[in-house]
$ cat query.txt   # compact mmCIF, C-alpha atoms (C1' of nucleotides)
# COMPACT_ATOMS: atom_id res chain seq x y z
CA MET A 411 -13.66 1.53 5.25
CA GLY A 412 -16.46 -0.87 4.76
CA ARG A 413 -19.75 -1.45 6.55
CA GLY A 414 -18.18 -0.94 9.92
CA LYS A 415 -15.08 0.44 11.52
CA ILE A 416 -12.48 -2.11 12.52
CA VAL A 417 -9.73 -2.19 15.11
CA ILE A 418 -6.26 -2.92 13.81
CA ARG A 419 -5.40 -6.17 15.55
CA ARG A 420 -4.89 -9.70 14.32
CA ILE A 421 -8.13 -11.15 12.95
CA ASP A 422 -8.82 -14.29 14.94
CA ASN A 423 -11.24 -15.99 12.55
CA SER A 424 -9.04 -17.61 9.91
CA THR A 425 -11.61 -17.37 7.13
CA SER A 426 -12.14 -13.65 7.74
CA ARG A 427 -8.41 -13.19 8.01
CA GLN A 428 -7.87 -14.83 4.64
CA VAL A 429 -10.65 -12.83 2.97
CA THR A 430 -9.28 -9.59 4.37
CA PHE A 431 -5.77 -10.59 3.34
CA SER A 432 -6.90 -11.16 -0.22
CA LYS A 433 -8.74 -7.86 -0.45
CA ARG A 434 -6.09 -5.74 1.21
CA ARG A 435 -3.27 -7.44 -0.66
CA ASN A 436 -4.91 -6.43 -3.91
CA GLY A 437 -5.43 -2.93 -2.53
CA ILE A 438 -1.84 -2.40 -1.49
CA PHE A 439 -0.47 -3.78 -4.77
CA LYS A 440 -2.66 -1.31 -6.62
CA LYS A 441 -1.42 1.52 -4.40
CA ALA A 442 2.18 0.48 -5.01
CA LYS A 443 1.66 0.55 -8.78
CA GLU A 444 -0.04 3.93 -8.65
CA LEU A 445 2.73 5.40 -6.50
CA ALA A 446 5.40 4.11 -8.85
CA ILE A 447 3.68 5.59 -11.91
CA LEU A 448 2.39 8.87 -10.48
CA CYS A 449 5.56 9.76 -8.65
CA ASP A 450 8.18 8.08 -10.81
CA ALA A 451 9.43 5.99 -7.90
CA GLU A 452 11.06 2.59 -7.75
CA VAL A 453 8.97 0.31 -5.57
CA GLY A 454 9.42 -3.19 -4.24
CA LEU A 455 6.80 -4.91 -2.10
CA ILE A 456 7.19 -8.38 -0.60
CA ILE A 457 4.41 -10.05 1.35
CA PHE A 458 4.36 -13.45 3.01
CA SER A 459 0.89 -14.60 4.02
CA SER A 460 0.38 -16.26 7.39
CA THR A 461 0.43 -19.57 5.50
CA GLY A 462 3.85 -18.73 4.08
CA ARG A 463 2.92 -17.94 0.51
CA LEU A 464 4.95 -15.27 -1.25
CA TYR A 465 3.36 -12.36 -3.05
CA GLU A 466 5.48 -9.69 -4.62
CA TYR A 467 5.37 -6.56 -6.73
CA SER A 468 8.03 -4.38 -8.24
CA ASN A 469 7.71 -1.84 -11.01
CA THR A 470 11.30 -2.59 -12.05
CA SER A 471 12.59 -5.96 -10.83
CA MET A 472 12.88 -7.20 -7.27
CA LYS A 473 16.56 -7.90 -7.86
CA SER A 474 17.10 -4.30 -8.92
CA VAL A 475 15.26 -3.00 -5.85
CA ILE A 476 17.11 -5.25 -3.41
CA ASP A 477 20.48 -4.45 -4.97
CA ARG A 478 19.76 -0.72 -4.81
CA TYR A 479 18.52 -1.12 -1.24
CA GLY A 480 21.79 -2.78 -0.27
CA LYS A 481 23.85 -0.04 -1.89
CA SER A 482 21.77 2.67 -0.25
CA LYS A 483 22.20 1.02 3.13
CA ASP A 484 25.93 0.69 2.60
CA GLU A 485 26.14 4.39 1.90
CA GLN A 486 24.14 5.20 5.02
CA GLN A 487 26.52 2.96 6.94
CA GLN A 488 29.55 4.82 5.59
CA ASP A 489 27.93 8.11 6.47
CA ASN A 490 27.42 6.87 10.00
CA VAL A 491 31.09 5.97 10.30
CA ALA A 492 32.11 9.36 8.99
CA ASN A 493 29.52 11.37 10.89
CA PRO A 494 27.86 10.03 14.03
CA TYR A 495 24.95 12.45 13.60
CA SER A 496 24.06 11.30 10.11
CA GLU A 497 21.47 8.86 11.41
CA LEU A 498 19.20 11.86 11.15
CA LYS A 499 19.25 11.12 7.44
CA VAL A 500 17.35 7.91 7.99
CA TYR A 501 13.79 8.74 7.08
CA ILE A 502 11.21 7.48 9.48
CA CYS A 503 7.88 6.75 7.85
CA SER A 504 5.47 6.21 10.67
CA THR A 505 1.75 6.55 10.73
CA LYS A 506 -0.47 6.19 13.73
CA LEU A 507 -2.64 3.11 13.70
CA ILE A 508 -5.09 4.53 16.22
CA ASN A 509 -8.64 3.92 14.94
CA MET B 972 -10.27 9.92 -3.96
CA GLY B 973 -10.04 13.60 -3.43
CA ARG B 974 -11.68 16.59 -4.99
CA GLY B 975 -11.24 15.30 -8.49
CA LYS B 976 -10.54 12.10 -10.33
CA ILE B 977 -6.99 11.64 -11.54
CA VAL B 978 -5.46 9.59 -14.30
CA ILE B 979 -2.66 7.27 -13.29
CA ARG B 980 0.29 8.64 -15.22
CA ARG B 981 3.50 10.38 -14.19
CA ILE B 982 2.74 13.77 -12.61
CA ASP B 983 4.63 16.31 -14.67
CA ASN B 984 4.67 19.18 -12.18
CA SER B 985 7.51 18.35 -9.80
CA THR B 986 5.95 20.13 -6.83
CA SER B 987 2.67 18.27 -7.23
CA ARG B 988 4.58 15.05 -7.74
CA GLN B 989 6.47 15.55 -4.51
CA VAL B 990 3.31 16.41 -2.56
CA THR B 991 1.49 13.38 -3.93
CA PHE B 992 4.51 11.20 -3.22
CA SER B 993 4.56 12.30 0.40
CA LYS B 994 0.85 11.69 0.91
CA ARG B 995 0.68 8.37 -0.88
CA ARG B 996 3.89 7.13 0.69
CA ASN B 997 2.35 7.66 4.10
CA GLY B 998 -0.82 5.98 2.91
CA ILE B 999 0.89 2.87 1.60
CA PHE B 1000 3.06 2.52 4.69
CA LYS B 1001 -0.06 2.64 6.81
CA LYS B 1002 -1.70 0.00 4.60
CA ALA B 1003 1.38 -2.20 4.90
CA LYS B 1004 1.30 -1.98 8.68
CA GLU B 1005 -2.40 -2.72 8.83
CA LEU B 1006 -2.03 -5.73 6.53
CA ALA B 1007 0.81 -7.13 8.61
CA ILE B 1008 -1.16 -6.80 11.85
CA LEU B 1009 -4.64 -7.77 10.67
CA CYS B 1010 -3.54 -10.75 8.61
CA ASP B 1011 -0.45 -11.84 10.49
CA ALA B 1012 1.72 -11.40 7.40
CA GLU B 1013 5.39 -10.58 6.99
CA VAL B 1014 5.72 -7.45 4.91
CA GLY B 1015 8.64 -5.59 3.39
CA LEU B 1016 8.22 -2.39 1.43
CA ILE B 1017 11.04 -0.49 -0.25
CA ILE B 1018 10.50 2.81 -2.03
CA PHE B 1019 12.99 5.02 -3.82
CA SER B 1020 11.68 8.48 -4.60
CA SER B 1021 12.39 10.04 -7.97
CA THR B 1022 15.18 11.97 -6.24
CA GLY B 1023 16.74 8.72 -5.06
CA ARG B 1024 15.84 8.80 -1.39
CA LEU B 1025 15.15 5.49 0.29
CA TYR B 1026 12.01 4.88 2.35
CA GLU B 1027 11.35 1.50 3.84
CA TYR B 1028 9.00 -0.43 6.07
CA SER B 1029 9.04 -3.93 7.43
CA ASN B 1030 7.08 -5.35 10.33
CA THR B 1031 9.97 -7.72 11.05
CA SER B 1032 13.29 -6.62 9.59
CA MET B 1033 14.16 -5.94 5.99
CA LYS B 1034 17.02 -8.42 6.23
CA SER B 1035 14.61 -11.12 7.38
CA VAL B 1036 12.21 -10.34 4.54
CA ILE B 1037 14.92 -10.32 1.88
CA ASP B 1038 16.47 -13.54 3.18
CA ARG B 1039 13.09 -15.26 3.23
CA TYR B 1040 12.36 -13.89 -0.24
CA GLY B 1041 15.59 -15.41 -1.55
CA LYS B 1042 14.82 -18.77 0.01
CA SER B 1043 11.30 -18.74 -1.33
CA LYS B 1044 12.58 -17.94 -4.80
CA ASP B 1045 15.17 -20.71 -4.60
CA GLU B 1046 12.41 -23.17 -3.75
CA GLN B 1047 10.30 -21.97 -6.66
CA GLN B 1048 13.34 -22.40 -8.87
CA GLN B 1049 13.84 -25.98 -7.69
CA ASP B 1050 10.15 -26.69 -8.25
CA ASN B 1051 10.51 -25.43 -11.79
CA VAL B 1052 13.43 -27.74 -12.44
CA ALA B 1053 11.55 -30.70 -10.99
CA ASN B 1054 8.20 -29.86 -12.54
CA PRO B 1055 7.93 -27.69 -15.66
CA TYR B 1056 4.28 -26.90 -14.86
CA SER B 1057 4.98 -25.56 -11.41
CA GLU B 1058 5.26 -22.00 -12.67
CA LEU B 1059 1.52 -22.01 -12.09
CA LYS B 1060 2.45 -21.72 -8.44
CA VAL B 1061 3.79 -18.22 -9.01
CA TYR B 1062 1.05 -15.94 -7.78
CA ILE B 1063 0.27 -13.08 -10.04
CA CYS B 1064 -0.98 -10.05 -8.18
CA SER B 1065 -2.28 -7.72 -10.81
CA THR B 1066 -4.85 -5.00 -10.56
CA LYS B 1067 -6.13 -2.90 -13.38
CA LEU B 1068 -5.09 0.71 -13.22
CA ILE B 1069 -7.89 1.91 -15.44
CA ASN B 1070 -9.54 4.79 -13.59
C1' DG C 1285 -11.66 -19.96 -1.49
C1' DA C 1286 -13.23 -16.45 -5.49
C1' DC C 1287 -16.72 -13.22 -6.88
C1' DT C 1288 -20.68 -9.78 -6.29
C1' DC C 1289 -22.94 -6.12 -3.92
C1' DT C 1290 -23.23 -1.90 -1.37
C1' DA C 1291 -23.22 0.84 2.79
C1' DT C 1292 -19.81 2.97 5.01
C1' DC C 1293 -15.30 4.23 6.17
C1' DT C 1294 -10.79 6.04 4.58
C1' DA C 1295 -7.41 8.26 1.58
C1' DT C 1296 -6.41 12.00 -0.81
C1' DA C 1297 -6.85 15.96 -4.76
C1' DA C 1298 -7.63 20.40 -4.62
C1' DT C 1299 -7.62 24.36 -2.01
C1' DG C 1300 -6.62 27.62 1.63
C1' DT C 1301 -3.26 29.52 5.03
C1' DT D 1334 7.08 24.81 1.18
C1' DA D 1335 4.91 22.53 5.04
C1' DC D 1336 0.38 22.29 7.47
C1' DA D 1337 -4.87 22.31 7.79
C1' DT D 1338 -9.34 21.72 5.61
C1' DT D 1339 -12.86 19.48 3.06
C1' DA D 1340 -15.29 17.53 -0.76
C1' DT D 1341 -15.12 13.53 -3.14
C1' DA D 1342 -13.12 9.31 -5.25
C1' DG D 1343 -11.70 4.98 -3.82
C1' DA D 1344 -11.13 0.93 -0.66
C1' DT D 1345 -13.26 -2.46 1.89
C1' DA D 1346 -16.23 -4.94 5.90
C1' DG D 1347 -19.84 -7.66 6.02
C1' DA D 1348 -23.12 -10.48 3.84
C1' DG D 1349 -24.77 -13.32 0.27
C1' DT D 1350 -23.66 -16.90 -3.66

$ encode --input "query.txt" --output "structure tokens"
Amino acid sequence: MGRGKIVIRRIDNSTSRQVTFSKRRNGIFKKAKELAILCDAEVGLIIFSSTGRLYEYSNTSMKSVIDRYGKSKDEQQQDNVANPYSELKVYICSTKLIN
Amino acid sequence: MGRGKIVIRRIDNSTSRQVTFSKRRNGIFKKAKELAILCDAEVGLIIFSSTGRLYEYSNTSMKSVIDRYGKSKDEQQQDNVANPYSELKVYICSTKLIN
DNA sequence: GACTCTATCTATAATGT
DNA sequence: TACATTATAGATAGAGT
């Protein structure tokens, strides 16, 4: 999206990379908020820039999200101990980055 | 984006909400991946659906992201103790959700 | 860097199967 | 209820300030 199509690979020029980071960071935070509201989801998003700065968003609190994440993972772990096939319950969210 | 404009509020119809969740979840995961690659950032994204299912993405590992998040927060905390004005360092990433 | 502009690309709401 | 289509709203690359 934009004046030209881009390939998804690290942007070499540091100024361009920073500008793109700023724009896309805003974009993804907006998407996270919309998803949380529209779909009644709990969302936590943590981003460290290449310079090490932290940016974060959560519609609840990051502590709540991380705690819930840990519990959810523990439960998955217990499932795996009980049933070796339960890894099928782990949802893979992949999207092709071609183009 | 789409055939009609939508207002950002909880989708009442549960079927529509689930469909939108699926589409937008894919969209935001793609955005997270692109941001990580293009801008050389470390990204962690945790989403719990309204039915409680966990979906996650990290370009490194979620453990790494959460650990780094904790450290970064600790440092911010120390800064705050040392310098009461350092809360200005906390980056606010807000985007209006109007339209 | 942060902001504006806008042409163009992308995501997705609504619809069809 | 998942998949495919498509018209359109939205995001953003590139350029200028």

$ residues_near_point --input "query.txt" --point "(-24.8, -10.3, 6.1)" --cutoff "12 Å" --atoms "all atoms listed in the file" --output "short mmCIF file (atom, residue, chain, number, x, y, z; two decimals) with C-alpha atoms (C1' of nucleotides), keeping the file's coordinate frame"
data_model
loop_
_atom_site.label_atom_id
_atom_site.label_comp_id
_atom_site.auth_asym_id
_atom_site.auth_seq_id
_atom_site.Cartn_x
_atom_site.Cartn_y
_atom_site.Cartn_z
CA ARG A 413 -19.75 -1.45 6.55
"C1'" DC C 1289 -22.94 -6.12 -3.92
"C1'" DT C 1290 -23.23 -1.90 -1.37
"C1'" DA C 1291 -23.22 0.84 2.79
"C1'" DA D 1346 -16.23 -4.94 5.90
"C1'" DG D 1347 -19.84 -7.66 6.02
"C1'" DA D 1348 -23.12 -10.48 3.84
"C1'" DG D 1349 -24.77 -13.32 0.27
"C1'" DT D 1350 -23.66 -16.90 -3.66
#

$ residues_near_point --input "query.txt" --point "(6.6, -6.8, 3.5)" --cutoff "10 Å" --atoms "only C-alpha atoms (C1' of nucleotides)" --output "PyMOL selection string"
(chain A and resi 454-459+464-466) or (chain B and resi 1003-1004+1006-1007+1012-1017+1027-1033+1035-1037+1040)

$ atom_distance --input "query.txt" --atom1 "atom CA of A:Leu448" --atom2 "atom CA of B:Arg980"
5.2 Å

$ atom_distance --input "query.txt" --atom1 "atom CA of A:Glu485" --atom2 "atom CA of B:Gly1023"
12.5 Å

$ closest_atom_pairs --input "query.txt" --of "chain D" --to "chain B" --cutoff "8 Å" --atoms "only C-alpha atoms (C1' of nucleotides)" --output "CSV"
residue,atom,partner,partner_atom,distance
D:DA1340,C1',B:Arg974,CA,5.6
D:DT1341,C1',B:Arg974,CA,5.0
D:DA1342,C1',B:Met972,CA,3.2
D:DG1343,C1',B:Met972,CA,5.1

$ interface_residues --input "query.txt" --of "chain C" --to "chain B" --cutoff "9 Å" --atoms "only C-alpha atoms (C1' of nucleotides)" --output "list in words"
DA1295, DT1296, DA1297 and DA1298 of chain C

$ write_last_selection --input "query.txt" --atoms "C-alpha atoms (C1' of nucleotides)" --output "PDB file, keeping the file's coordinate frame"
ATOM      1  C1'  DA C1295      -7.410   8.260   1.580  1.00  0.00           C
ATOM      2  C1'  DT C1296      -6.410  12.000  -0.810  1.00  0.00           C
ATOM      3  C1'  DA C1297      -6.850  15.960  -4.760  1.00  0.00           C
ATOM      4  C1'  DA C1298      -7.630  20.400  -4.620  1.00  0.00           C
TER       5       DA C1298
END

$ atom_distance --input "query.txt" --atom1 "atom CA of B:Lys1042" --atom2 "atom CA of A:Lys473"
13.5 Å

$ residues_around --input "query.txt" --residues "C:DG1285" --least-positions-apart "2" --cutoff "12 Å" --atoms "all atoms listed in the file" --output "list in words"
Ser424, Thr425, Ser426, Gln428, Val429 and Ser432 of chain A; DC1287 of chain C

$ closest_residue --input "query.txt" --among "B:Asn984, B:Gly1041, B:Asp1011, B:Gln1049" --to "chain A" --atoms "all atoms listed in the file"
B:Asp1011

$ decode --input "query.txt" --residues "stretch 1336-1350 of chain D" --atoms "N, CA, C and O atoms (P, O5', C5', C4', C3', O3' and C1' of nucleotides)" --output "short mmCIF file (atom, residue, chain, number, x, y, z; two decimals), in the first residue's frame"
data_model
loop_
_atom_site.label_atom_id
_atom_site.label_comp_id
_atom_site.auth_asym_id
_atom_site.auth_seq_id
_atom_site.Cartn_x
_atom_site.Cartn_y
_atom_site.Cartn_z
P DC D 1336 -11.53 -22.73 5.31
"O5'" DC D 1336 -12.09 -22.32 3.88
"C5'" DC D 1336 -12.52 -23.35 2.99
"C4'" DC D 1336 -12.94 -22.73 1.66
"C3'" DC D 1336 -11.96 -21.69 1.10
"O3'" DC D 1336 -11.77 -21.94 -0.29
"C1'" DC D 1336 -14.14 -20.78 1.21
P DA D 1337 -10.85 -21.02 -1.19
"O5'" DA D 1337 -11.91 -20.11 -1.95
"C5'" DA D 1337 -12.81 -20.70 -2.88
"C4'" DA D 1337 -13.48 -19.62 -3.72
"C3'" DA D 1337 -12.54 -18.57 -4.31
"O3'" DA D 1337 -12.97 -18.29 -5.64
"C1'" DA D 1337 -14.15 -17.52 -2.91
P DT D 1338 -12.28 -17.13 -6.53
"O5'" DT D 1338 -13.28 -15.91 -6.32
"C5'" DT D 1338 -14.68 -16.10 -6.56
"C4'" DT D 1338 -15.41 -14.77 -6.47
"C3'" DT D 1338 -14.70 -13.59 -7.14
"O3'" DT D 1338 -15.67 -12.91 -7.92
"C1'" DT D 1338 -15.25 -13.05 -4.88
P DT D 1339 -15.26 -11.79 -9.00
"O5'" DT D 1339 -15.50 -10.46 -8.16
"C5'" DT D 1339 -16.82 -10.14 -7.69
"C4'" DT D 1339 -16.76 -8.86 -6.92
"C3'" DT D 1339 -15.79 -7.82 -7.50
"O3'" DT D 1339 -16.33 -6.53 -7.25
"C1'" DT D 1339 -15.26 -8.18 -5.30
P DA D 1340 -16.63 -5.55 -8.51
"O5'" DA D 1340 -17.36 -4.35 -7.75
"C5'" DA D 1340 -18.42 -4.65 -6.83
"C4'" DA D 1340 -18.24 -3.82 -5.57
"C3'" DA D 1340 -17.80 -2.38 -5.83
"O3'" DA D 1340 -18.63 -1.55 -5.02
"C1'" DA D 1340 -16.25 -3.44 -4.35
P DT D 1341 -18.47 0.04 -5.07
"O5'" DT D 1341 -17.56 0.32 -3.79
"C5'" DT D 1341 -18.01 -0.18 -2.53
"C4'" DT D 1341 -16.93 0.01 -1.51
"C3'" DT D 1341 -16.33 1.42 -1.46
"O3'" DT D 1341 -16.51 1.86 -0.13
"C1'" DT D 1341 -14.64 -0.22 -1.39
P DA D 1342 -16.29 3.40 0.28
"O5'" DA D 1342 -15.54 3.21 1.67
"C5'" DA D 1342 -16.02 2.24 2.60
"C4'" DA D 1342 -14.90 1.83 3.54
"C3'" DA D 1342 -14.18 2.99 4.20
"O3'" DA D 1342 -13.89 2.62 5.54
"C1'" DA D 1342 -12.63 1.74 2.90
P DG D 1343 -13.07 3.59 6.50
"O5'" DG D 1343 -11.58 3.03 6.35
"C5'" DG D 1343 -11.29 1.70 6.73
"C4'" DG D 1343 -9.82 1.41 6.53
"C3'" DG D 1343 -8.89 2.44 7.17
"O3'" DG D 1343 -7.86 1.71 7.84
"C1'" DG D 1343 -8.32 2.14 4.91
P DA D 1344 -6.76 2.38 8.72
"O5'" DA D 1344 -5.44 1.96 7.93
"C5'" DA D 1344 -5.22 0.58 7.65
"C4'" DA D 1344 -3.94 0.41 6.84
"C3'" DA D 1344 -2.73 1.13 7.43
"O3'" DA D 1344 -1.60 0.28 7.21
"C1'" DA D 1344 -3.17 1.98 5.26
P DT D 1345 -0.17 0.62 7.81
"O5'" DT D 1345 0.57 1.33 6.60
"C5'" DT D 1345 0.79 0.58 5.41
"C4'" DT D 1345 1.38 1.47 4.35
"C3'" DT D 1345 2.53 2.38 4.82
"O3'" DT D 1345 3.53 2.41 3.84
"C1'" DT D 1345 0.98 3.61 3.65
P DA D 1346 4.88 1.62 3.97
"O5'" DA D 1346 5.59 1.93 2.59
"C5'" DA D 1346 5.14 1.31 1.40
"C4'" DA D 1346 5.51 2.17 0.19
"C3'" DA D 1346 6.91 2.74 0.23
"O3'" DA D 1346 7.43 2.72 -1.10
"C1'" DA D 1346 5.33 4.52 0.27
P DG D 1347 8.92 3.13 -1.39
"O5'" DG D 1347 8.76 4.67 -1.79
"C5'" DG D 1347 7.96 5.02 -2.91
"C4'" DG D 1347 7.80 6.51 -2.99
"C3'" DG D 1347 9.11 7.30 -2.77
"O3'" DG D 1347 9.27 8.17 -3.89
"C1'" DG D 1347 7.36 8.17 -1.44
P DA D 1348 10.58 9.09 -4.07
"O5'" DA D 1348 9.99 10.54 -3.78
"C5'" DA D 1348 8.77 10.94 -4.42
"C4'" DA D 1348 8.30 12.25 -3.84
"C3'" DA D 1348 9.46 13.21 -3.53
"O3'" DA D 1348 9.17 14.49 -4.08
"C1'" DA D 1348 8.04 12.97 -1.65
P DG D 1349 10.30 15.64 -4.04
"O5'" DG D 1349 9.58 16.69 -3.07
"C5'" DG D 1349 8.23 17.08 -3.35
"C4'" DG D 1349 7.66 17.80 -2.15
"C3'" DG D 1349 8.57 18.92 -1.62
"O3'" DG D 1349 7.77 20.07 -1.34
"C1'" DG D 1349 7.94 17.48 0.13
P DT D 1350 8.50 21.48 -0.97
"O5'" DT D 1350 7.65 21.87 0.32
"C5'" DT D 1350 7.22 20.86 1.25
"C4'" DT D 1350 7.02 21.50 2.61
"C3'" DT D 1350 8.03 22.57 2.99
"O3'" DT D 1350 7.44 23.50 3.89
"C1'" DT D 1350 8.27 20.75 4.45
#
